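Text of final-v5.txt (compact mmCIF, C-alpha atoms) as supplied:
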# COMPACT_ATOMS: atom_id res chain seq x y z
CA MET G 179 -37.79 189.34 -53.91
CA ILE G 180 -41.08 189.91 -52.10
CA TYR G 181 -44.22 190.12 -54.23
CA ARG G 182 -47.71 191.51 -53.67
CA ASN G 183 -50.54 189.51 -55.16
CA TRP G 184 -53.52 191.51 -56.33
CA GLN G 185 -56.42 189.85 -58.17
CA GLY G 186 -54.10 187.42 -59.92
CA ASN G 187 -51.35 189.98 -60.54
CA LYS G 188 -47.91 189.33 -59.04
CA ILE G 189 -46.23 192.69 -58.41
CA PRO G 190 -42.63 193.08 -57.15
CA ALA G 191 -42.96 194.88 -53.82
CA LEU G 192 -39.65 196.73 -54.11
CA GLY G 193 -39.46 199.01 -57.12
CA PHE G 194 -37.00 201.50 -58.57
CA GLY G 195 -38.09 205.14 -58.46
CA THR G 196 -36.91 207.62 -61.09
CA TYR G 197 -38.00 211.01 -59.70
CA GLU G 198 -35.41 213.76 -60.41
CA LEU G 199 -33.52 211.62 -62.92
CA ASP G 200 -33.26 213.28 -66.33
CA ASN G 201 -33.62 211.20 -69.48
CA ALA G 202 -29.92 210.33 -69.70
CA ALA G 203 -29.68 209.35 -66.04
CA ALA G 204 -32.95 207.42 -66.22
CA THR G 205 -31.69 205.42 -69.20
CA LYS G 206 -28.50 204.51 -67.36
CA MET G 207 -30.02 203.82 -63.95
CA VAL G 208 -33.02 201.80 -65.15
CA ALA G 209 -30.68 199.51 -67.09
CA GLU G 210 -28.39 199.25 -64.04
CA ALA G 211 -31.34 198.59 -61.74
CA ALA G 212 -32.49 195.78 -64.00
CA LYS G 213 -29.01 194.19 -63.74
CA ILE G 214 -29.23 194.41 -59.95
CA GLY G 215 -32.54 192.57 -60.00
CA TYR G 216 -35.25 195.24 -59.91
CA ARG G 217 -38.33 194.28 -61.88
CA HIS G 218 -40.66 197.13 -60.87
CA PHE G 219 -40.00 200.63 -62.24
CA ASP G 220 -41.83 203.89 -61.51
CA THR G 221 -42.00 207.08 -63.56
CA ALA G 222 -44.51 209.87 -64.23
CA GLN G 223 -45.43 212.46 -66.83
CA MET G 224 -44.22 215.15 -64.43
CA TYR G 225 -40.75 213.59 -64.15
CA HIS G 226 -40.09 214.38 -67.83
CA ASN G 227 -38.06 211.19 -68.14
CA GLU G 228 -40.46 208.66 -69.64
CA GLU G 229 -38.32 208.51 -72.78
CA GLY G 230 -35.24 207.72 -70.72
CA VAL G 231 -37.06 205.09 -68.69
CA GLY G 232 -38.29 203.45 -71.88
CA GLN G 233 -34.78 203.47 -73.35
CA GLY G 234 -33.38 202.00 -70.14
CA LEU G 235 -35.89 199.18 -70.25
CA LYS G 236 -34.99 198.46 -73.86
CA ALA G 237 -31.28 198.49 -72.96
CA SER G 238 -31.91 196.09 -70.06
CA GLY G 239 -32.81 193.29 -72.44
CA LEU G 240 -35.77 192.34 -70.25
CA ALA G 241 -38.77 190.87 -72.03
CA ARG G 242 -41.92 193.00 -71.70
CA ASP G 243 -43.61 190.44 -69.46
CA ASP G 244 -40.61 190.35 -67.12
CA TYR G 245 -41.02 193.80 -65.57
CA PHE G 246 -43.75 195.93 -64.03
CA LEU G 247 -43.94 199.60 -65.09
CA THR G 248 -45.90 202.44 -63.49
CA THR G 249 -46.47 205.93 -64.81
CA LYS G 250 -48.68 208.73 -63.53
CA ILE G 251 -50.99 211.29 -65.13
CA TRP G 252 -50.41 214.91 -64.12
CA PRO G 253 -53.52 216.77 -62.84
CA ASP G 254 -53.55 219.25 -65.73
CA ALA G 255 -54.64 216.35 -67.96
CA PHE G 256 -57.56 215.13 -65.82
CA GLN G 257 -60.32 216.32 -68.16
CA SER G 258 -61.79 213.67 -70.42
CA GLY G 259 -60.02 213.87 -73.75
CA ASP G 260 -56.92 215.45 -72.24
CA LEU G 261 -56.35 212.39 -70.07
CA GLN G 262 -56.58 209.90 -72.92
CA THR G 263 -54.33 212.05 -75.12
CA SER G 264 -51.73 212.34 -72.36
CA VAL G 265 -51.59 208.57 -71.97
CA VAL G 266 -51.07 208.11 -75.70
CA GLU G 267 -48.18 210.57 -75.43
CA SER G 268 -46.71 208.75 -72.43
CA LEU G 269 -46.80 205.46 -74.33
CA ARG G 270 -45.12 207.15 -77.30
CA LYS G 271 -42.30 208.39 -75.07
CA LEU G 272 -41.93 205.03 -73.37
CA ASP G 273 -42.09 203.28 -76.76
CA LEU G 274 -44.58 200.77 -75.38
CA ASP G 275 -48.14 199.78 -76.21
CA HIS G 276 -49.17 199.63 -72.56
CA VAL G 277 -47.98 200.21 -69.00
CA ASP G 278 -48.72 197.90 -66.10
CA LEU G 279 -50.09 200.54 -63.74
CA LEU G 280 -51.46 204.00 -64.48
CA LEU G 281 -52.07 206.40 -61.59
CA LEU G 282 -53.71 209.79 -61.13
CA HIS G 283 -50.72 211.68 -59.68
CA TRP G 284 -52.50 214.12 -57.33
CA PRO G 285 -56.13 215.10 -56.70
CA ASN G 286 -57.35 218.05 -58.75
CA GLU G 287 -59.98 220.25 -57.13
CA ASP G 288 -60.79 221.89 -60.47
CA VAL G 289 -61.84 218.72 -62.33
CA SER G 290 -64.53 216.46 -60.93
CA LEU G 291 -63.60 212.85 -60.28
CA SER G 292 -66.88 211.99 -61.98
CA GLU G 293 -65.17 213.11 -65.21
CA THR G 294 -61.66 211.85 -64.51
CA ILE G 295 -62.41 208.34 -63.27
CA PRO G 296 -64.47 207.30 -66.35
CA ALA G 297 -61.66 208.61 -68.57
CA LEU G 298 -59.17 206.53 -66.55
CA ASN G 299 -61.47 203.53 -66.95
CA GLU G 300 -61.53 204.11 -70.69
CA VAL G 301 -57.76 203.93 -71.15
CA LYS G 302 -57.77 200.73 -69.11
CA ASN G 303 -60.52 199.25 -71.26
CA LEU G 304 -58.61 200.27 -74.40
CA GLY G 305 -55.61 198.24 -73.23
CA MET G 306 -53.26 201.18 -72.60
CA THR G 307 -52.68 199.93 -69.05
CA ARG G 308 -53.21 196.66 -67.26
CA LEU G 309 -54.12 198.26 -63.93
CA ILE G 310 -55.23 201.67 -62.66
CA GLY G 311 -54.95 203.52 -59.39
CA ILE G 312 -54.39 206.81 -57.62
CA SER G 313 -51.62 208.70 -55.83
CA ASN G 314 -51.66 211.17 -52.94
CA PHE G 315 -55.38 210.66 -52.41
CA PRO G 316 -56.81 211.16 -48.90
CA THR G 317 -59.27 208.53 -47.71
CA VAL G 318 -62.32 210.68 -48.44
CA LEU G 319 -61.31 210.89 -52.10
CA VAL G 320 -60.28 207.23 -52.26
CA ASP G 321 -63.80 206.33 -51.18
CA LYS G 322 -65.27 208.64 -53.80
CA ALA G 323 -63.04 207.25 -56.55
CA ILE G 324 -63.98 203.69 -55.60
CA ASN G 325 -67.66 204.57 -55.90
CA LEU G 326 -67.14 206.09 -59.35
CA THR G 327 -64.97 203.45 -60.99
CA ASN G 328 -66.17 200.47 -63.00
CA VAL G 329 -62.65 199.00 -62.91
CA PRO G 330 -60.98 198.04 -59.61
CA LEU G 331 -58.36 200.47 -58.34
CA THR G 332 -55.09 198.72 -57.49
CA VAL G 333 -52.90 201.19 -55.63
CA ASN G 334 -52.77 204.43 -53.69
CA GLN G 335 -49.18 205.73 -53.91
CA VAL G 336 -48.32 208.05 -51.01
CA GLU G 337 -45.42 209.49 -49.05
CA TYR G 338 -44.53 206.90 -46.42
CA HIS G 339 -41.45 206.49 -44.24
CA PRO G 340 -40.77 206.06 -40.51
CA TYR G 341 -41.53 209.69 -39.69
CA ILE G 342 -45.09 209.78 -41.00
CA ASN G 343 -48.01 207.73 -39.71
CA GLN G 344 -50.05 206.45 -42.63
CA THR G 345 -52.14 203.95 -40.64
CA LYS G 346 -55.44 205.54 -41.66
CA VAL G 347 -54.53 205.54 -45.36
CA LEU G 348 -53.23 201.97 -45.22
CA GLU G 349 -56.30 200.72 -43.40
CA ASN G 350 -58.45 202.44 -46.01
CA ALA G 351 -56.48 200.71 -48.77
CA HIS G 352 -56.96 197.34 -47.09
CA SER G 353 -60.69 197.98 -46.77
CA HIS G 354 -60.89 198.43 -50.56
CA ASP G 355 -58.56 195.51 -51.36
CA MET G 356 -55.95 197.98 -52.59
CA LEU G 357 -52.19 198.07 -52.21
CA MET G 358 -50.23 201.08 -50.98
CA THR G 359 -46.94 202.18 -52.55
CA ALA G 360 -44.50 204.19 -50.43
CA TYR G 361 -42.62 206.96 -52.19
CA CYS G 362 -39.89 208.96 -50.46
CA PRO G 363 -39.40 205.81 -48.33
CA ILE G 364 -36.09 206.81 -46.77
CA ALA G 365 -37.29 210.36 -46.00
CA ARG G 366 -34.80 212.02 -48.37
CA GLY G 367 -31.93 210.40 -46.53
CA ALA G 368 -33.02 211.46 -43.05
CA VAL G 369 -33.05 207.83 -41.90
CA LEU G 370 -29.25 207.75 -42.28
CA LYS G 371 -28.91 209.93 -39.18
CA ASP G 372 -31.45 208.03 -37.09
CA GLU G 373 -29.96 206.33 -34.03
CA THR G 374 -32.84 203.88 -33.60
CA LEU G 375 -32.60 202.67 -37.17
CA SER G 376 -28.80 202.48 -37.03
CA ASP G 377 -28.90 200.45 -33.81
CA ILE G 378 -31.36 197.99 -35.33
CA GLY G 379 -29.21 197.82 -38.44
CA ASP G 380 -26.11 196.97 -36.42
CA LYS G 381 -27.85 193.87 -35.09
CA HIS G 382 -28.49 192.66 -38.63
CA CYS G 383 -25.29 193.98 -40.25
CA LYS G 384 -27.46 196.30 -42.33
CA SER G 385 -27.68 200.08 -42.81
CA ALA G 386 -30.44 202.33 -41.53
CA VAL G 387 -31.71 202.62 -45.12
CA GLN G 388 -31.88 198.86 -45.51
CA VAL G 389 -33.71 198.53 -42.18
CA THR G 390 -36.23 201.16 -43.29
CA LEU G 391 -36.93 199.43 -46.59
CA ARG G 392 -37.23 196.08 -44.83
CA TRP G 393 -39.74 197.64 -42.39
CA LEU G 394 -41.88 198.62 -45.37
CA MET G 395 -41.57 195.19 -47.00
CA GLN G 396 -42.82 193.49 -43.83
CA GLN G 397 -46.08 195.47 -43.82
CA ASP G 398 -49.11 193.84 -45.35
CA GLY G 399 -49.97 195.26 -48.76
CA VAL G 400 -47.15 197.83 -48.85
CA MET G 401 -44.71 198.37 -51.74
CA ALA G 402 -41.85 200.89 -51.95
CA ILE G 403 -40.04 202.72 -54.76
CA PRO G 404 -36.74 204.15 -53.46
CA LYS G 405 -34.91 206.26 -56.02
CA SER G 406 -31.17 206.39 -56.59
CA GLY G 407 -28.78 207.95 -59.07
CA SER G 408 -26.00 205.63 -57.91
CA PRO G 409 -25.65 201.97 -58.93
CA LYS G 410 -23.95 201.29 -55.58
CA ASN G 411 -26.86 202.72 -53.57
CA ALA G 412 -29.43 201.04 -55.81
CA ALA G 413 -27.73 197.70 -55.15
CA ALA G 414 -27.66 198.34 -51.40
CA ASN G 415 -31.36 199.24 -51.45
CA PHE G 416 -32.09 195.91 -53.11
CA ASP G 417 -30.05 193.92 -50.59
CA ILE G 418 -32.84 193.56 -48.04
CA PHE G 419 -34.21 190.08 -48.63
CA ASP G 420 -31.79 188.12 -46.45
CA PHE G 421 -32.93 189.31 -43.02
CA GLU G 422 -36.12 189.93 -41.09
CA LEU G 423 -37.05 192.45 -38.41
CA THR G 424 -38.55 191.24 -35.15
CA ASP G 425 -41.98 192.41 -33.98
CA GLU G 426 -40.23 194.53 -31.34
CA GLU G 427 -38.02 196.18 -33.96
CA MET G 428 -41.03 196.85 -36.20
CA THR G 429 -42.78 198.55 -33.26
CA LYS G 430 -39.74 200.70 -32.46
CA ILE G 431 -39.71 201.96 -36.06
CA ASP G 432 -43.47 202.59 -35.98
CA GLU G 433 -42.91 204.80 -32.94
CA LEU G 434 -40.60 207.16 -34.89
CA ALA G 435 -43.59 208.83 -36.57
CA LYS G 436 -44.17 212.47 -35.62
CA PRO G 437 -46.84 215.08 -36.38
CA ASP G 438 -44.53 217.18 -38.56
CA GLY G 439 -42.92 214.24 -40.35
CA ARG G 440 -44.33 214.95 -43.79
CA LEU G 441 -41.76 216.10 -46.36
CA ILE G 442 -43.79 216.47 -49.55
CA ASP G 443 -46.33 219.28 -49.45
CA PRO G 444 -46.44 221.08 -52.80
CA ASP G 445 -48.21 224.42 -52.92
CA PHE G 446 -50.60 223.09 -55.56
CA ALA G 447 -51.69 220.07 -53.51
CA PRO G 448 -55.21 220.26 -52.07
CA LYS G 449 -55.25 220.41 -48.28
CA TRP G 450 -57.27 217.67 -46.61
CA ASP G 451 -57.52 216.71 -42.95
CA ASP G 452 -56.27 213.18 -43.63
CA ALA G 453 -54.24 213.89 -46.76
CA ALA G 454 -52.11 210.98 -47.83
As structure tokens:
Amino acid sequence: MIYRNWQGNKIPALGFGTYELDNAAATKMVAEAAKIGYRHFDTAQMYHNEEGVGQGLKASGLARDDYFLTTKIWPDAFQSGDLQTSVVESLRKLDLDHVDLLLLHWPNEDVSLSETIPALNEVKNLGMTRLIGISNFPTVLVDKAINLTNVPLTVNQVEYHPYINQTKVLENAHSHDMLMTAYCPIARGAVLKDETLSDIGDKHCKSAVQVTLRWLMQQDGVMAIPKSGSPKNAAANFDIFDFELTDEEMTKIDELAKPDGRLIDPDFAPKWDDAA
């Protein structure tokens, strides 16, 4: 396993994503992922599966200190009061007294960060989460959030895979001593059809998916949370710690990025010039 160290916190760089898993599937797959070796799990209020994730963690038999859990606050709860209440509800569903990382899921143009960030600080100070951060924030809003917070922000979680260039967002994260988590890391399976990734994989006896996840693991300060509803695929995604890509191979993958490579662009998401 590769870890990211952040202000004394040791975070598993490869996590298990649970987007689009219902409660039953989340219970099953989180427990299976724990057997495989995953120790970092990601959910969100919007996924409507926090109960299942919590049950899966209980079924795994892992001690609370042996795994790292992230959940995310949906933008409709960004007002002070609503935010704190939503976190209490998330903890109830997870059947936990705290999460390890709590993120703002998307920017919300209708609620000022000057209201949301202090509320996020409050739940951190109350012990509901060990760490706080943001998701899908463009650099201009990352900078604003940093200026408003009294508690260090740990992570910006964004869409990141070989077909999207996130250099600006990653450099911004580095400048603030933040980590970046890649969601949708295998581009909804598009990497499976990529000749460049397959050719690199053949040299290492690995799949295009495994090459892609390894590419992410070899980037400074980057984590990834591939999702899977299949124990077989989850195990394959985890089998990436016994090989290393060369500098030349890393560059070839970097060069796959294209202007229209973004896959996640919800209608509700604010439009920014450098949106993450």
Next item on the list: Write out as an MDAnalysis selection string each polymer residue whose atoms come within 7 Å of Met356 in chain G, counting all atoms listed in the file; drop sequence neighbours fewer than 5 positions from it.
Entry: chainID G and resid 331:333 351
Store the residues of this selection in a file with C-alpha atoms, as a PDB file, in the coordinates of the input.
ATOM      1  CA  LEU G 331     -58.360 200.470 -58.340  1.00  0.00           C
ATOM      2  CA  THR G 332     -55.090 198.720 -57.490  1.00  0.00           C
ATOM      3  CA  VAL G 333     -52.900 201.190 -55.630  1.00  0.00           C
ATOM      4  CA  ALA G 351     -56.480 200.710 -48.770  1.00  0.00           C
TER       5      ALA G 351
END
Check: Please, what distance in Å, to one decimal, runs between CA of Gly311 in chain G and CA of Leu269 in chain G?
Finding: 17.1 Å
Next item on the list: Mind checking which residues fall within 8 Å of Ala255 in chain G, counting all atoms listed in the file, ignoring those fewer than 5 positions away in the same chain, and posting them as a ChimeraX atom specification?
Entry: /G:260-261,264
Note to self: Residues near Asp244 in chain G, anyone? I mean within 12 Å using all atoms listed in the file, not counting same-chain ones fewer than 5 positions away, as a VMD selection string.
What the structure shows: chain G and resid 188 to 190 212 215 to 219 235 to 236 238 to 239 278
So which residues fall inside 6 Å of (-49.5, 212.6, -52.8) if we count only C-alpha atoms? Mind giving them as a PDB file with C-alpha atoms, keeping the file's coordinate frame?
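So the final result, stored in result-v1.pdb, reads:
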ATOM      1  CA  TRP G 284     -52.500 214.120 -57.330  1.00  0.00           C
ATOM      2  CA  SER G 313     -51.620 208.700 -55.830  1.00  0.00           C
ATOM      3  CA  ASN G 314     -51.660 211.170 -52.940  1.00  0.00           C
ATOM      4  CA  VAL G 336     -48.320 208.050 -51.010  1.00  0.00           C
ATOM      5  CA  ALA G 454     -52.110 210.980 -47.830  1.00  0.00           C
TER       6      ALA G 454
END
Next item on the list: Between CA of Arg242 in chain G and CA of Tyr181 in chain G, measure the distance and give it in Å to one decimal.
Entry: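 CA of Tyr181 in chain G lies at a distance of 17.9 Å from CA of Arg242 in chain G.
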Next item on the list: Write out as a list in words the residues lying within 10 Å of Ala368 in chain G, counting only C-alpha atoms and excluding same-chain residues fewer than 5 positions away.
Entry: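 The filter keeps His339, Pro340, Tyr341, Ala386 and Val387 of chain G.
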Could I get the residues of range 267-373 of chain G with an atom no further than 12 Å from an atom of range 418-432 of chain G, each paired with its nearest atom pair and that distance in Å to one decimal, using only C-alpha atoms, sorted by chain and residue number, as JSON lines?
{"residue": "G:Tyr338", "atom": "CA", "partner": "G:Asp432", "partner_atom": "CA", "distance": 11.3}
{"residue": "G:His339", "atom": "CA", "partner": "G:Asp432", "partner_atom": "CA", "distance": 9.4}
{"residue": "G:Pro340", "atom": "CA", "partner": "G:Ile431", "partner_atom": "CA", "distance": 6.1}
{"residue": "G:Tyr341", "atom": "CA", "partner": "G:Asp432", "partner_atom": "CA", "distance": 8.2}
{"residue": "G:Ile342", "atom": "CA", "partner": "G:Asp432", "partner_atom": "CA", "distance": 8.9}
{"residue": "G:Asn343", "atom": "CA", "partner": "G:Asp432", "partner_atom": "CA", "distance": 7.8}
{"residue": "G:Gln344", "atom": "CA", "partner": "G:Asp432", "partner_atom": "CA", "distance": 10.1}
{"residue": "G:Thr345", "atom": "CA", "partner": "G:Asp432", "partner_atom": "CA", "distance": 9.9}
{"residue": "G:Val369", "atom": "CA", "partner": "G:Ile431", "partner_atom": "CA", "distance": 10.6}
{"residue": "G:Asp372", "atom": "CA", "partner": "G:Ile431", "partner_atom": "CA", "distance": 10.3}
{"residue": "G:Glu373", "atom": "CA", "partner": "G:Ile431", "partner_atom": "CA", "distance": 10.9}
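Comparing G:Lys436, G:His283, G:Arg270, G:Lys206 by their smallest distance to Met224 in chain G, the closest is G:His283 (using only C-alpha atoms).
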Margin query: Here is a test: counting all atoms listed in the file, which residue of G:Thr390, G:Thr221, G:Ser290, G:Thr263 is nearest to Leu247 in chain G?
Written below: G:Thr221
Notebook entry, point to check: What is the CA of Leu282 in chain G to CA of Leu348 in chain G distance in Å?
Noted result: 17.7 Å
Notebook entry, point to check: What lies within 9 Å of Tyr225 in chain G using all atoms listed in the file, ignoring chain neighbours under 6 positions off, as number ranges by chain?
Noted result: G: 196-200
Margin query: Nearest residue to Glu228 in chain G out of G:Lys213, G:Lys250, G:Arg392, G:Arg440, using all atoms listed in the file?
Written below: G:Lys250
Checklist line | Selected residue, from G:Met395, G:Ala413, G:Cys383, G:Val400, that lies nearest to Met358 in chain G when counting all atoms listed in the file | finding: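 When distances to Met358 in chain G are compared using all atoms listed in the file, the smallest one comes from G:Val400.
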Range 265-273 of chain G: axis-aligned bounding box, 6 Å on each side, centre and edge lengths in Å, one decimal, as lines of an AutoDock Vina configuration file:
center_x = -46.8
center_y = 206.9
center_z = -74.6
size_x = 21.7
size_y = 19.3
size_z = 17.3
Note to self: Taking (-59.6, 201.1, -46.3) as a centre in this file's frame and 12 Å as the limit, can you find every polymer residue with an atom that close, using all atoms listed in the file, and give them as JSON, numbers by chain?
What the structure shows: {"G": [316, 317, 318, 319, 320, 321, 324, 333, 334, 344, 345, 346, 347, 348, 349, 350, 351, 352, 353, 354, 355, 356, 357, 358, 399]}
